[in-house]
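Visitor: Provided below: target-v3.cif, containing mmCIF, C-alpha atoms and all ligand atoms; chains and numbers go by the auth columns.
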```
data_my_file
loop_
_atom_site.group_PDB
_atom_site.id
_atom_site.type_symbol
_atom_site.label_atom_id
_atom_site.label_comp_id
_atom_site.label_asym_id
_atom_site.label_seq_id
_atom_site.Cartn_x
_atom_site.Cartn_y
_atom_site.Cartn_z
_atom_site.B_iso_or_equiv
_atom_site.auth_seq_id
_atom_site.auth_asym_id
ATOM 1 C CA MET A 1 0.000 0.000 0.000 0.00 197 A
ATOM 2 C CA ASN A 2 1.147 3.524 -0.466 0.00 198 A
ATOM 3 C CA ASN A 3 1.448 5.781 2.547 0.00 199 A
ATOM 4 C CA ARG A 4 -0.224 8.915 1.282 0.00 200 A
ATOM 5 C CA LYS A 5 -2.200 11.111 3.614 0.00 201 A
ATOM 6 C CA THR A 6 -5.765 11.138 2.434 0.00 202 A
ATOM 7 C CA SER A 7 -9.157 11.900 3.889 0.00 203 A
ATOM 8 C CA HIS A 8 -10.660 9.349 1.557 0.00 204 A
ATOM 9 C CA PRO A 9 -10.869 5.700 2.577 0.00 205 A
ATOM 10 C CA PHE A 10 -9.524 4.528 -0.809 0.00 206 A
ATOM 11 C CA SER A 11 -6.311 5.545 -2.540 0.00 207 A
ATOM 12 C CA ARG A 12 -6.362 5.494 -6.335 0.00 208 A
ATOM 13 C CA ARG A 13 -4.211 2.414 -6.410 0.00 209 A
ATOM 14 C CA GLY A 14 -6.216 0.779 -3.655 0.00 210 A
ATOM 15 C CA PHE A 15 -9.395 1.471 -5.569 0.00 211 A
ATOM 16 C CA LEU A 16 -7.946 0.023 -8.768 0.00 212 A
ATOM 17 C CA ALA A 17 -6.638 -3.031 -6.967 0.00 213 A
ATOM 18 C CA ALA A 18 -9.982 -3.602 -5.205 0.00 214 A
ATOM 19 C CA ALA A 19 -11.929 -3.098 -8.423 0.00 215 A
ATOM 20 C CA THR A 20 -9.592 -5.457 -10.236 0.00 216 A
ATOM 21 C CA ALA A 21 -9.840 -8.130 -7.555 0.00 217 A
ATOM 22 C CA THR A 22 -13.637 -7.846 -7.503 0.00 218 A
ATOM 23 C CA SER A 23 -13.887 -8.059 -11.270 0.00 219 A
ATOM 24 C CA LEU A 24 -11.539 -11.026 -11.371 0.00 220 A
ATOM 25 C CA SER A 25 -13.429 -12.861 -8.632 0.00 221 A
ATOM 26 C CA MET A 26 -16.708 -12.271 -10.462 0.00 222 A
ATOM 27 C CA GLY A 27 -15.218 -13.505 -13.710 0.00 223 A
ATOM 28 C CA LEU A 28 -15.951 -10.156 -15.342 0.00 224 A
ATOM 29 C CA VAL A 29 -12.492 -9.654 -16.788 0.00 225 A
ATOM 30 C CA PRO A 30 -11.645 -11.478 -19.980 0.00 226 A
ATOM 31 C CA GLY A 31 -8.377 -13.447 -19.870 0.00 227 A
ATOM 32 C CA SER A 32 -6.623 -11.116 -22.280 0.00 228 A
ATOM 33 C CA ALA A 33 -7.276 -8.134 -19.957 0.00 229 A
ATOM 34 C CA THR A 34 -6.251 -9.887 -16.748 0.00 230 A
ATOM 35 C CA ALA A 35 -2.502 -9.382 -17.088 0.00 231 A
ATOM 36 C CA ALA A 36 -2.948 -5.697 -17.879 0.00 232 A
ATOM 37 C CA LEU A 37 -5.228 -5.130 -14.887 0.00 233 A
ATOM 38 C CA LYS A 38 -2.846 -6.938 -12.537 0.00 234 A
ATOM 39 C CA SER A 39 -0.198 -4.392 -13.476 0.00 235 A
ATOM 40 C CA ALA A 40 -2.412 -1.730 -11.831 0.00 236 A
ATOM 41 C CA ALA A 41 -1.736 -3.191 -8.371 0.00 237 A
ATOM 42 C CA PRO A 42 -0.377 -0.823 -5.678 0.00 238 A
ATOM 43 C CA ARG A 43 3.359 -0.440 -5.881 0.00 239 A
ATOM 44 C CA ALA A 44 4.358 2.962 -4.519 0.00 240 A
ATOM 45 C CA LYS A 45 8.052 3.207 -3.637 0.00 241 A
ATOM 46 C CA PRO A 46 9.465 4.747 -0.446 0.00 242 A
ATOM 47 C CA GLY A 47 9.526 8.511 -0.745 0.00 243 A
ATOM 48 C CA GLN A 48 6.900 8.499 -3.461 0.00 244 A
ATOM 49 C CA ASP A 49 4.028 10.888 -2.957 0.00 245 A
ATOM 50 C CA ARG A 50 1.208 12.267 -5.031 0.00 246 A
ATOM 51 C CA VAL A 51 1.723 15.468 -7.008 0.00 247 A
ATOM 52 C CA PHE A 52 -1.740 16.943 -6.573 0.00 248 A
ATOM 53 C CA GLY A 53 -1.103 20.390 -5.136 0.00 249 A
ATOM 54 C CA LEU A 54 2.596 20.310 -6.013 0.00 250 A
ATOM 55 C CA LYS A 55 3.453 23.981 -6.582 0.00 251 A
ATOM 56 C CA PHE A 56 6.383 25.882 -8.026 0.00 252 A
ATOM 57 C CA PRO A 57 7.072 29.620 -7.926 0.00 253 A
ATOM 58 C CA PRO A 58 5.724 31.460 -10.983 0.00 254 A
ATOM 59 C CA LEU A 59 8.253 31.843 -13.820 0.00 255 A
ATOM 60 C CA ASP A 60 8.705 35.117 -15.712 0.00 256 A
ATOM 61 C CA LYS A 61 9.924 33.083 -18.634 0.00 257 A
ATOM 62 C CA VAL A 62 9.031 29.465 -19.426 0.00 258 A
ATOM 63 C CA ARG A 63 11.783 27.728 -21.367 0.00 259 A
ATOM 64 C CA ILE A 64 10.499 24.943 -23.562 0.00 260 A
ATOM 65 C CA GLY A 65 12.147 22.094 -25.438 0.00 261 A
ATOM 66 C CA PHE A 66 10.080 20.587 -28.259 0.00 262 A
ATOM 67 C CA ILE A 67 10.304 16.945 -29.314 0.00 263 A
ATOM 68 C CA GLY A 68 8.455 16.264 -32.557 0.00 264 A
ATOM 69 C CA VAL A 69 7.673 19.144 -34.858 0.00 265 A
ATOM 70 C CA GLY A 70 5.434 17.448 -37.405 0.00 266 A
ATOM 71 C CA ASN A 71 1.842 18.535 -37.911 0.00 267 A
ATOM 72 C CA ARG A 72 0.762 19.022 -34.300 0.00 268 A
ATOM 73 C CA GLY A 73 4.120 20.100 -32.883 0.00 269 A
ATOM 74 C CA ALA A 74 4.717 22.746 -35.550 0.00 270 A
ATOM 75 C CA SER A 75 1.190 24.066 -35.176 0.00 271 A
ATOM 76 C CA LEU A 76 1.455 24.383 -31.388 0.00 272 A
ATOM 77 C CA LEU A 77 4.911 25.896 -31.729 0.00 273 A
ATOM 78 C CA GLY A 78 3.297 28.681 -33.772 0.00 274 A
ATOM 79 C CA ASN A 79 0.681 29.196 -31.028 0.00 275 A
ATOM 80 C CA LEU A 80 3.262 29.310 -28.239 0.00 276 A
ATOM 81 C CA LEU A 81 5.304 31.892 -30.119 0.00 277 A
ATOM 82 C CA GLU A 82 2.339 34.257 -29.743 0.00 278 A
ATOM 83 C CA ILE A 83 2.598 34.086 -25.955 0.00 279 A
ATOM 84 C CA GLU A 84 4.795 36.520 -24.092 0.00 280 A
ATOM 85 C CA GLY A 85 7.139 34.881 -21.613 0.00 281 A
ATOM 86 C CA VAL A 86 7.610 31.703 -23.629 0.00 282 A
ATOM 87 C CA GLU A 87 11.085 30.867 -24.864 0.00 283 A
ATOM 88 C CA ILE A 88 11.661 28.003 -27.274 0.00 284 A
ATOM 89 C CA SER A 89 15.140 26.870 -26.285 0.00 285 A
ATOM 90 C CA ALA A 90 15.502 23.605 -28.212 0.00 286 A
ATOM 91 C CA VAL A 91 13.796 21.588 -30.909 0.00 287 A
ATOM 92 C CA CYS A 92 14.195 17.904 -31.765 0.00 288 A
ATOM 93 C CA ASP A 93 12.878 15.796 -34.634 0.00 289 A
ATOM 94 C CA ILE A 94 14.342 12.812 -36.477 0.00 290 A
ATOM 95 C CA VAL A 95 13.687 14.716 -39.710 0.00 291 A
ATOM 96 C CA SER A 96 16.327 17.420 -39.835 0.00 292 A
ATOM 97 C CA ASP A 97 14.368 19.590 -42.292 0.00 293 A
ATOM 98 C CA ARG A 98 11.562 19.815 -39.732 0.00 294 A
ATOM 99 C CA VAL A 99 13.998 21.008 -37.107 0.00 295 A
ATOM 100 C CA LYS A 100 15.314 23.647 -39.503 0.00 296 A
ATOM 101 C CA SER A 101 11.835 24.783 -40.411 0.00 297 A
ATOM 102 C CA ALA A 102 10.886 25.030 -36.706 0.00 298 A
ATOM 103 C CA GLN A 103 14.017 27.065 -36.055 0.00 299 A
ATOM 104 C CA ARG A 104 13.026 29.401 -38.903 0.00 300 A
ATOM 105 C CA LEU A 105 9.531 29.751 -37.412 0.00 301 A
ATOM 106 C CA VAL A 106 11.082 30.914 -34.151 0.00 302 A
ATOM 107 C CA THR A 107 13.622 33.319 -35.650 0.00 303 A
ATOM 108 C CA ALA A 108 10.965 34.786 -37.963 0.00 304 A
ATOM 109 C CA LYS A 109 9.286 36.033 -34.775 0.00 305 A
ATOM 110 C CA GLY A 110 12.469 37.863 -33.825 0.00 306 A
ATOM 111 C CA ARG A 111 13.407 35.289 -31.178 0.00 307 A
ATOM 112 C CA ALA A 112 16.752 33.578 -30.666 0.00 308 A
ATOM 113 C CA GLU A 113 17.297 30.420 -32.718 0.00 309 A
ATOM 114 C CA PRO A 114 16.634 27.318 -30.605 0.00 310 A
ATOM 115 C CA ALA A 115 19.227 24.543 -30.494 0.00 311 A
ATOM 116 C CA GLY A 116 18.421 21.730 -32.933 0.00 312 A
ATOM 117 C CA TYR A 117 18.603 17.947 -32.378 0.00 313 A
ATOM 118 C CA SER A 118 18.065 15.501 -35.228 0.00 314 A
ATOM 119 C CA GLN A 119 20.799 12.905 -34.854 0.00 315 A
ATOM 120 C CA GLY A 120 18.617 9.804 -34.618 0.00 316 A
ATOM 121 C CA GLU A 121 15.728 8.401 -32.614 0.00 317 A
ATOM 122 C CA THR A 122 17.311 8.981 -29.217 0.00 318 A
ATOM 123 C CA ALA A 123 18.605 12.500 -29.777 0.00 319 A
ATOM 124 C CA PHE A 124 15.737 13.649 -27.522 0.00 320 A
ATOM 125 C CA GLU A 125 17.729 12.381 -24.542 0.00 321 A
ATOM 126 C CA GLU A 126 20.353 15.002 -25.260 0.00 322 A
ATOM 127 C CA LEU A 127 17.661 17.677 -25.374 0.00 323 A
ATOM 128 C CA CYS A 128 16.276 16.461 -22.033 0.00 324 A
ATOM 129 C CA ARG A 129 19.741 16.738 -20.463 0.00 325 A
ATOM 130 C CA ARG A 130 19.972 20.480 -21.197 0.00 326 A
ATOM 131 C CA ASP A 131 20.040 22.615 -18.082 0.00 327 A
ATOM 132 C CA ASP A 132 18.079 25.531 -19.547 0.00 328 A
ATOM 133 C CA LEU A 133 14.639 23.953 -19.931 0.00 329 A
ATOM 134 C CA ASP A 134 11.614 24.113 -17.639 0.00 330 A
ATOM 135 C CA LEU A 135 9.267 22.029 -19.750 0.00 331 A
ATOM 136 C CA VAL A 136 9.571 19.416 -22.474 0.00 332 A
ATOM 137 C CA TYR A 137 6.700 19.306 -24.937 0.00 333 A
ATOM 138 C CA ILE A 138 6.233 15.952 -26.715 0.00 334 A
ATOM 139 C CA ALA A 139 4.362 15.661 -30.014 0.00 335 A
ATOM 140 C CA THR A 140 5.803 12.477 -31.461 0.00 336 A
ATOM 141 C CA PRO A 141 4.035 9.224 -32.428 0.00 337 A
ATOM 142 C CA TRP A 142 2.291 7.466 -29.508 0.00 338 A
ATOM 143 C CA ASP A 143 4.851 4.739 -28.870 0.00 339 A
ATOM 144 C CA TRP A 144 7.477 7.346 -27.976 0.00 340 A
ATOM 145 C CA HIS A 145 5.441 9.420 -25.524 0.00 341 A
ATOM 146 C CA VAL A 146 6.196 7.630 -22.258 0.00 342 A
ATOM 147 C CA ARG A 147 9.874 7.065 -22.888 0.00 343 A
ATOM 148 C CA MET A 148 10.338 10.736 -23.719 0.00 344 A
ATOM 149 C CA ALA A 149 8.286 12.047 -20.778 0.00 345 A
ATOM 150 C CA VAL A 150 10.103 9.774 -18.326 0.00 346 A
ATOM 151 C CA SER A 151 13.439 10.978 -19.697 0.00 347 A
ATOM 152 C CA ALA A 152 12.342 14.625 -19.334 0.00 348 A
ATOM 153 C CA MET A 153 11.143 14.200 -15.738 0.00 349 A
ATOM 154 C CA LYS A 154 14.230 12.252 -14.722 0.00 350 A
ATOM 155 C CA GLN A 155 16.253 15.185 -16.009 0.00 351 A
ATOM 156 C CA GLY A 156 14.234 17.567 -13.812 0.00 352 A
ATOM 157 C CA LYS A 157 11.838 18.987 -16.406 0.00 353 A
ATOM 158 C CA HIS A 158 8.071 19.023 -16.397 0.00 354 A
ATOM 159 C CA ALA A 159 6.614 16.995 -19.247 0.00 355 A
ATOM 160 C CA ALA A 160 3.673 17.855 -21.479 0.00 356 A
ATOM 161 C CA ILE A 161 2.517 15.029 -23.734 0.00 357 A
ATOM 162 C CA GLU A 162 0.187 15.103 -26.686 0.00 358 A
ATOM 163 C CA VAL A 163 -2.794 12.748 -26.632 0.00 359 A
ATOM 164 C CA PRO A 164 -2.784 9.931 -25.783 0.00 360 A
ATOM 165 C CA ALA A 165 -0.153 10.221 -23.052 0.00 361 A
ATOM 166 C CA ALA A 166 0.188 6.432 -22.829 0.00 362 A
ATOM 167 C CA ILE A 167 -1.316 3.354 -24.412 0.00 363 A
ATOM 168 C CA THR A 168 -1.102 0.651 -21.726 0.00 364 A
ATOM 169 C CA LEU A 169 -1.845 0.603 -17.996 0.00 365 A
ATOM 170 C CA ASP A 170 1.775 -0.164 -17.287 0.00 366 A
ATOM 171 C CA GLU A 171 2.798 2.946 -19.232 0.00 367 A
ATOM 172 C CA CYS A 172 0.257 5.022 -17.280 0.00 368 A
ATOM 173 C CA TRP A 173 1.827 3.860 -14.009 0.00 369 A
ATOM 174 C CA GLN A 174 5.301 4.635 -15.370 0.00 370 A
ATOM 175 C CA LEU A 175 4.177 8.237 -15.828 0.00 371 A
ATOM 176 C CA VAL A 176 2.509 8.434 -12.407 0.00 372 A
ATOM 177 C CA ASP A 177 5.441 6.798 -10.620 0.00 373 A
ATOM 178 C CA THR A 178 8.043 8.958 -12.355 0.00 374 A
ATOM 179 C CA ALA A 179 6.135 12.192 -11.659 0.00 375 A
ATOM 180 C CA GLU A 180 5.649 11.226 -8.007 0.00 376 A
ATOM 181 C CA LEU A 181 9.273 10.204 -7.512 0.00 377 A
ATOM 182 C CA THR A 182 10.903 13.070 -9.415 0.00 378 A
ATOM 183 C CA ARG A 183 8.376 15.632 -8.060 0.00 379 A
ATOM 184 C CA ARG A 184 7.670 16.942 -11.548 0.00 380 A
ATOM 185 C CA HIS A 185 4.385 17.581 -13.287 0.00 381 A
ATOM 186 C CA CYS A 186 3.372 15.414 -16.206 0.00 382 A
ATOM 187 C CA LEU A 187 0.368 16.571 -18.141 0.00 383 A
ATOM 188 C CA MET A 188 -1.531 15.209 -21.050 0.00 384 A
ATOM 189 C CA LEU A 189 -2.398 17.955 -23.503 0.00 385 A
ATOM 190 C CA GLU A 190 -6.056 17.141 -23.771 0.00 386 A
ATOM 191 C CA ASN A 191 -7.606 20.184 -25.388 0.00 387 A
ATOM 192 C CA CYS A 192 -11.180 19.446 -24.429 0.00 388 A
ATOM 193 C CA CYS A 193 -11.002 19.904 -20.650 0.00 389 A
ATOM 194 C CA TYR A 194 -13.500 22.679 -20.146 0.00 390 A
ATOM 195 C CA GLY A 195 -16.499 21.572 -22.163 0.00 391 A
ATOM 196 C CA GLU A 196 -19.873 21.074 -20.428 0.00 392 A
ATOM 197 C CA ILE A 197 -19.473 17.316 -20.136 0.00 393 A
ATOM 198 C CA GLU A 198 -15.911 17.466 -18.827 0.00 394 A
ATOM 199 C CA LEU A 199 -16.855 20.029 -16.162 0.00 395 A
ATOM 200 C CA LEU A 200 -19.919 17.984 -15.201 0.00 396 A
ATOM 201 C CA VAL A 201 -17.732 14.904 -14.648 0.00 397 A
ATOM 202 C CA LEU A 202 -15.229 16.956 -12.675 0.00 398 A
ATOM 203 C CA ARG A 203 -18.008 18.124 -10.338 0.00 399 A
ATOM 204 C CA MET A 204 -19.227 14.546 -9.942 0.00 400 A
ATOM 205 C CA ALA A 205 -15.768 13.347 -8.841 0.00 401 A
ATOM 206 C CA PRO A 206 -15.999 12.576 -5.092 0.00 402 A
ATOM 207 C CA VAL A 207 -12.433 13.444 -4.139 0.00 403 A
ATOM 208 C CA ARG A 208 -11.019 16.915 -4.621 0.00 404 A
ATOM 209 C CA ALA A 209 -7.280 17.440 -4.733 0.00 405 A
ATOM 210 C CA SER A 210 -7.474 20.311 -2.205 0.00 406 A
ATOM 211 C CA SER A 211 -9.215 18.172 0.427 0.00 407 A
ATOM 212 C CA GLU A 212 -6.617 15.424 0.195 0.00 408 A
ATOM 213 C CA SER A 213 -3.369 17.112 1.055 0.00 409 A
HETATM 214 N N1 LIG B . -4.333 17.500 -29.222 0.00 501 B
HETATM 215 C C1 LIG B . -4.737 17.427 -30.487 0.00 501 B
HETATM 216 O O1 LIG B . -5.734 18.008 -30.885 0.00 501 B
HETATM 217 C C2 LIG B . -3.908 16.638 -31.455 0.00 501 B
HETATM 218 C C3 LIG B . -4.121 16.779 -32.816 0.00 501 B
HETATM 219 C C4 LIG B . -3.316 16.057 -33.675 0.00 501 B
HETATM 220 C C5 LIG B . -2.343 15.197 -33.184 0.00 501 B
HETATM 221 N N2 LIG B . -2.180 15.057 -31.857 0.00 501 B
HETATM 222 C C6 LIG B . -1.147 14.171 -31.308 0.00 501 B
HETATM 223 O O2 LIG B . 0.120 14.758 -31.578 0.00 501 B
HETATM 224 C C7 LIG B . 1.093 13.731 -31.765 0.00 501 B
HETATM 225 C C8 LIG B . 1.809 13.943 -33.081 0.00 501 B
HETATM 226 O O3 LIG B . 0.855 13.855 -34.153 0.00 501 B
HETATM 227 P P1 LIG B . 1.188 14.520 -35.557 0.00 501 B
HETATM 228 O O4 LIG B . -0.065 14.485 -36.317 0.00 501 B
HETATM 229 O O5 LIG B . 1.893 15.817 -35.365 0.00 501 B
HETATM 230 O O6 LIG B . 2.217 13.438 -36.171 0.00 501 B
HETATM 231 P P2 LIG B . 3.401 13.749 -37.193 0.00 501 B
HETATM 232 O O7 LIG B . 3.828 12.415 -37.726 0.00 501 B
HETATM 233 O O8 LIG B . 3.023 14.816 -38.159 0.00 501 B
HETATM 234 O O9 LIG B . 4.548 14.332 -36.244 0.00 501 B
HETATM 235 C C9 LIG B . 5.320 13.534 -35.398 0.00 501 B
HETATM 236 C C10 LIG B . 6.746 14.020 -35.487 0.00 501 B
HETATM 237 O O10 LIG B . 7.540 13.289 -34.562 0.00 501 B
HETATM 238 C C11 LIG B . 8.796 13.030 -35.197 0.00 501 B
HETATM 239 N N3 LIG B . 9.411 11.871 -34.516 0.00 501 B
HETATM 240 C C12 LIG B . 9.101 10.562 -34.605 0.00 501 B
HETATM 241 N N4 LIG B . 9.908 9.840 -33.805 0.00 501 B
HETATM 242 C C13 LIG B . 10.755 10.714 -33.215 0.00 501 B
HETATM 243 C C14 LIG B . 11.835 10.571 -32.301 0.00 501 B
HETATM 244 N N5 LIG B . 12.207 9.384 -31.811 0.00 501 B
HETATM 245 N N6 LIG B . 12.515 11.673 -31.915 0.00 501 B
HETATM 246 C C15 LIG B . 12.159 12.899 -32.384 0.00 501 B
HETATM 247 N N7 LIG B . 11.148 13.096 -33.273 0.00 501 B
HETATM 248 C C16 LIG B . 10.449 12.008 -33.665 0.00 501 B
HETATM 249 C C17 LIG B . 8.430 12.758 -36.643 0.00 501 B
HETATM 250 O O11 LIG B . 9.536 12.891 -37.505 0.00 501 B
HETATM 251 C C18 LIG B . 7.352 13.819 -36.881 0.00 501 B
HETATM 252 O O12 LIG B . 7.896 15.040 -37.352 0.00 501 B
HETATM 253 C C19 LIG B . 0.339 12.404 -31.676 0.00 501 B
HETATM 254 O O13 LIG B . 0.463 11.912 -30.385 0.00 501 B
HETATM 255 C C20 LIG B . -1.100 12.790 -31.951 0.00 501 B
HETATM 256 O O14 LIG B . -2.029 11.907 -31.354 0.00 501 B
HETATM 257 C C21 LIG B . -2.946 15.780 -30.991 0.00 501 B
#
```
Give the structure from the file, written as structure tokens.
Ligand SMILES: NC(=O)c1ccc[n+]([C@@H]2O[C@H](COP(=O)([O-])OP(=O)(O)OC[C@H]3O[C@@H](n4cnc5c(N)ncnc54)[C@H](O)[C@@H]3O)[C@@H](O)[C@H]2O)c1
Guide:
Amino acid sequence: MNNRKTSHPFSRRGFLAAATATSLSMGLVPGSATAALKSAAPRAKPGQDRVFGLKFPPLDKVRIGFIGVGNRGASLLGNLLEIEGVEISAVCDIVSDRVKSAQRLVTAKGRAEPAGYSQGETAFEELCRRDDLDLVYIATPWDWHVRMAVSAMKQGKHAAIEVPAAITLDECWQLVDTAELTRRHCLMLENCCYGEIELLVLRMAPVRASSES
């Protein structure tokens, strides 16, 4: 069990484990899903704690490293360049022309040219190791998301991942565990958070982050 302070009788992991056990005992879970659900069992490590309410001082300038500047990445890069206080410090893509075109997009706005990384599939690790980034934005194909976000958080950066953040339960826990151990935020860039239905579901949720810490 994890040792988080909570006013709620169930932790998230406890709830998942209980739900899984109940479903398994009732024979509700098909065999193919069983292994995946078992991987949702509680497994918090010593020192691990939830990141709800984790706060950082406001930044005058947010320094961002981009991984993946294809359709979505390039489009969001354009949006971010319209925001004061955002600095694009580095850009990575396996296609070097895309890195160059992203660099041009930045300099065309009168900003300093970001460093470019395009030396292979793992060049993103070099970007994550930079010491002048606050956030790493990930807009690569799905199977790269978790590996890149984990690398960013382990290097002390917050990670923002395009949808879907992960594609298996085990990958979801990798993100949760890494955020909770490194004390960094990891967010999925869902762009439909404030619609009527999403806000309705939020209000229906029984546990509020503020009442748990
Ligand atoms: N939030 C939204 O509304 C929205 C919309 C479209 C796409 N997306 C998401 O954005 C992500 C990217 O989609 P896209 O349409 O831009 O795809 P895309 O193929 O146009 O872009 C992906 C980019 O990642 C690069 N890439 C691949 N592997 C890499 C690696 N190892 N290191 C560095 N760069 C690498 C590719 O060269 C490419 O330029 C996907 O996860 C997708 O689901 C979200």
Visitor: Can you pull out every residue with an atom within 7 Å of ligand LIG 501 (chain B)? Use all atoms listed in the file and format it as a tab-separated table (two decimals) with C-alpha atoms, keeping the file's coordinate frame.
Guide:
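Produced file result13.tsv, reproduced below:
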```tsv
chain	number	residue	atom	x	y	z
A	263	ILE	CA	10.30	16.94	-29.31
A	264	GLY	CA	8.46	16.26	-32.56
A	265	VAL	CA	7.67	19.14	-34.86
A	266	GLY	CA	5.43	17.45	-37.40
A	267	ASN	CA	1.84	18.54	-37.91
A	268	ARG	CA	0.76	19.02	-34.30
A	269	GLY	CA	4.12	20.10	-32.88
A	288	CYS	CA	14.20	17.90	-31.76
A	289	ASP	CA	12.88	15.80	-34.63
A	290	ILE	CA	14.34	12.81	-36.48
A	291	VAL	CA	13.69	14.72	-39.71
A	294	ARG	CA	11.56	19.82	-39.73
A	316	GLY	CA	18.62	9.80	-34.62
A	317	GLU	CA	15.73	8.40	-32.61
A	318	THR	CA	17.31	8.98	-29.22
A	319	ALA	CA	18.60	12.50	-29.78
A	320	PHE	CA	15.74	13.65	-27.52
A	335	ALA	CA	4.36	15.66	-30.01
A	336	THR	CA	5.80	12.48	-31.46
A	337	PRO	CA	4.04	9.22	-32.43
A	338	TRP	CA	2.29	7.47	-29.51
A	340	TRP	CA	7.48	7.35	-27.98
A	358	GLU	CA	0.19	15.10	-26.69
A	359	VAL	CA	-2.79	12.75	-26.63
A	360	PRO	CA	-2.78	9.93	-25.78
A	385	LEU	CA	-2.40	17.95	-23.50
A	386	GLU	CA	-6.06	17.14	-23.77
A	387	ASN	CA	-7.61	20.18	-25.39
```
Visitor: Run the PyMOL selection byres (((chain A and resi 329) around 8) and not hetatm) on the file and write out the hits as an MDAnalysis selection string.
Guide: chainID A and resid 258:261 285 324 326:328 330:332 353
Visitor: So, counting only C-alpha atoms, which residue among A:Glu283, A:Glu321, A:Asp366, A:Glu392 is closest to Gln351 in chain A?
Guide: A:Glu321
Visitor: Output the residue selection produced by the PyMOL selection byres (((chain A and resi 383) around 7) and not hetatm) on the file above, formatted as a PDB file with C-alpha atoms, in the coordinates of the input.
Guide:
```pdb
ATOM      1  CA  ALA A 355       6.614  16.995 -19.247  1.00  0.00           C
ATOM      2  CA  ALA A 356       3.673  17.855 -21.479  1.00  0.00           C
ATOM      3  CA  ILE A 357       2.517  15.029 -23.734  1.00  0.00           C
ATOM      4  CA  HIS A 381       4.385  17.581 -13.287  1.00  0.00           C
ATOM      5  CA  CYS A 382       3.372  15.414 -16.206  1.00  0.00           C
ATOM      6  CA  MET A 384      -1.531  15.209 -21.050  1.00  0.00           C
ATOM      7  CA  LEU A 385      -2.398  17.955 -23.503  1.00  0.00           C
TER       8      LEU A 385
END
```
Visitor: Distance CA of Ala308 in chain A-CA of Glu278 in chain A, one decimal place?
Guide: 14.5 Å
Visitor: With distances taken over all atoms listed in the file, which residue among A:Leu255, A:Leu396, A:Ser292, A:Arg300 lies nearest Glu280 in chain A?
Guide: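 For Glu280 in chain A, the nearest of the given residues is A:Leu255.
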Visitor: Let me know the residues the PyMOL selection byres (((chain A and resi 376) around 10) and not hetatm) catches in the file above, as a ChimeraX atom specification.
Guide: /A:240-241,243-248,250,349,370-375,377-382
Visitor: Could you check how far CA of Gly306 in chain A sits from CA of Leu277 in chain A, in Å to one decimal?
Guide: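 Atom-to-atom, CA of Gly306 in chain A and CA of Leu277 in chain A are spaced 10.0 Å apart.
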Visitor: Using all atoms listed in the file, which of the listed residues (A:Lys305, A:His354, A:Asn275, A:Met344) sits closest to Glu367 in chain A?
Guide: A:Met344
Visitor: Expressed in Å to a single decimal, how great is the separation between CA of Leu276 in chain A and CA of His341 in chain A?
Guide: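 Separating CA of Leu276 in chain A from CA of His341 in chain A is a distance of 20.2 Å.
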Visitor: Which is closer to Glu322 in chain A than all the others in A:Ser297, A:Ser271, A:Ser347, A:Thr364, using all atoms listed in the file?
Guide: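 Looking only at the distances to Glu322 in chain A, the closest residue turns out to be A:Ser347.
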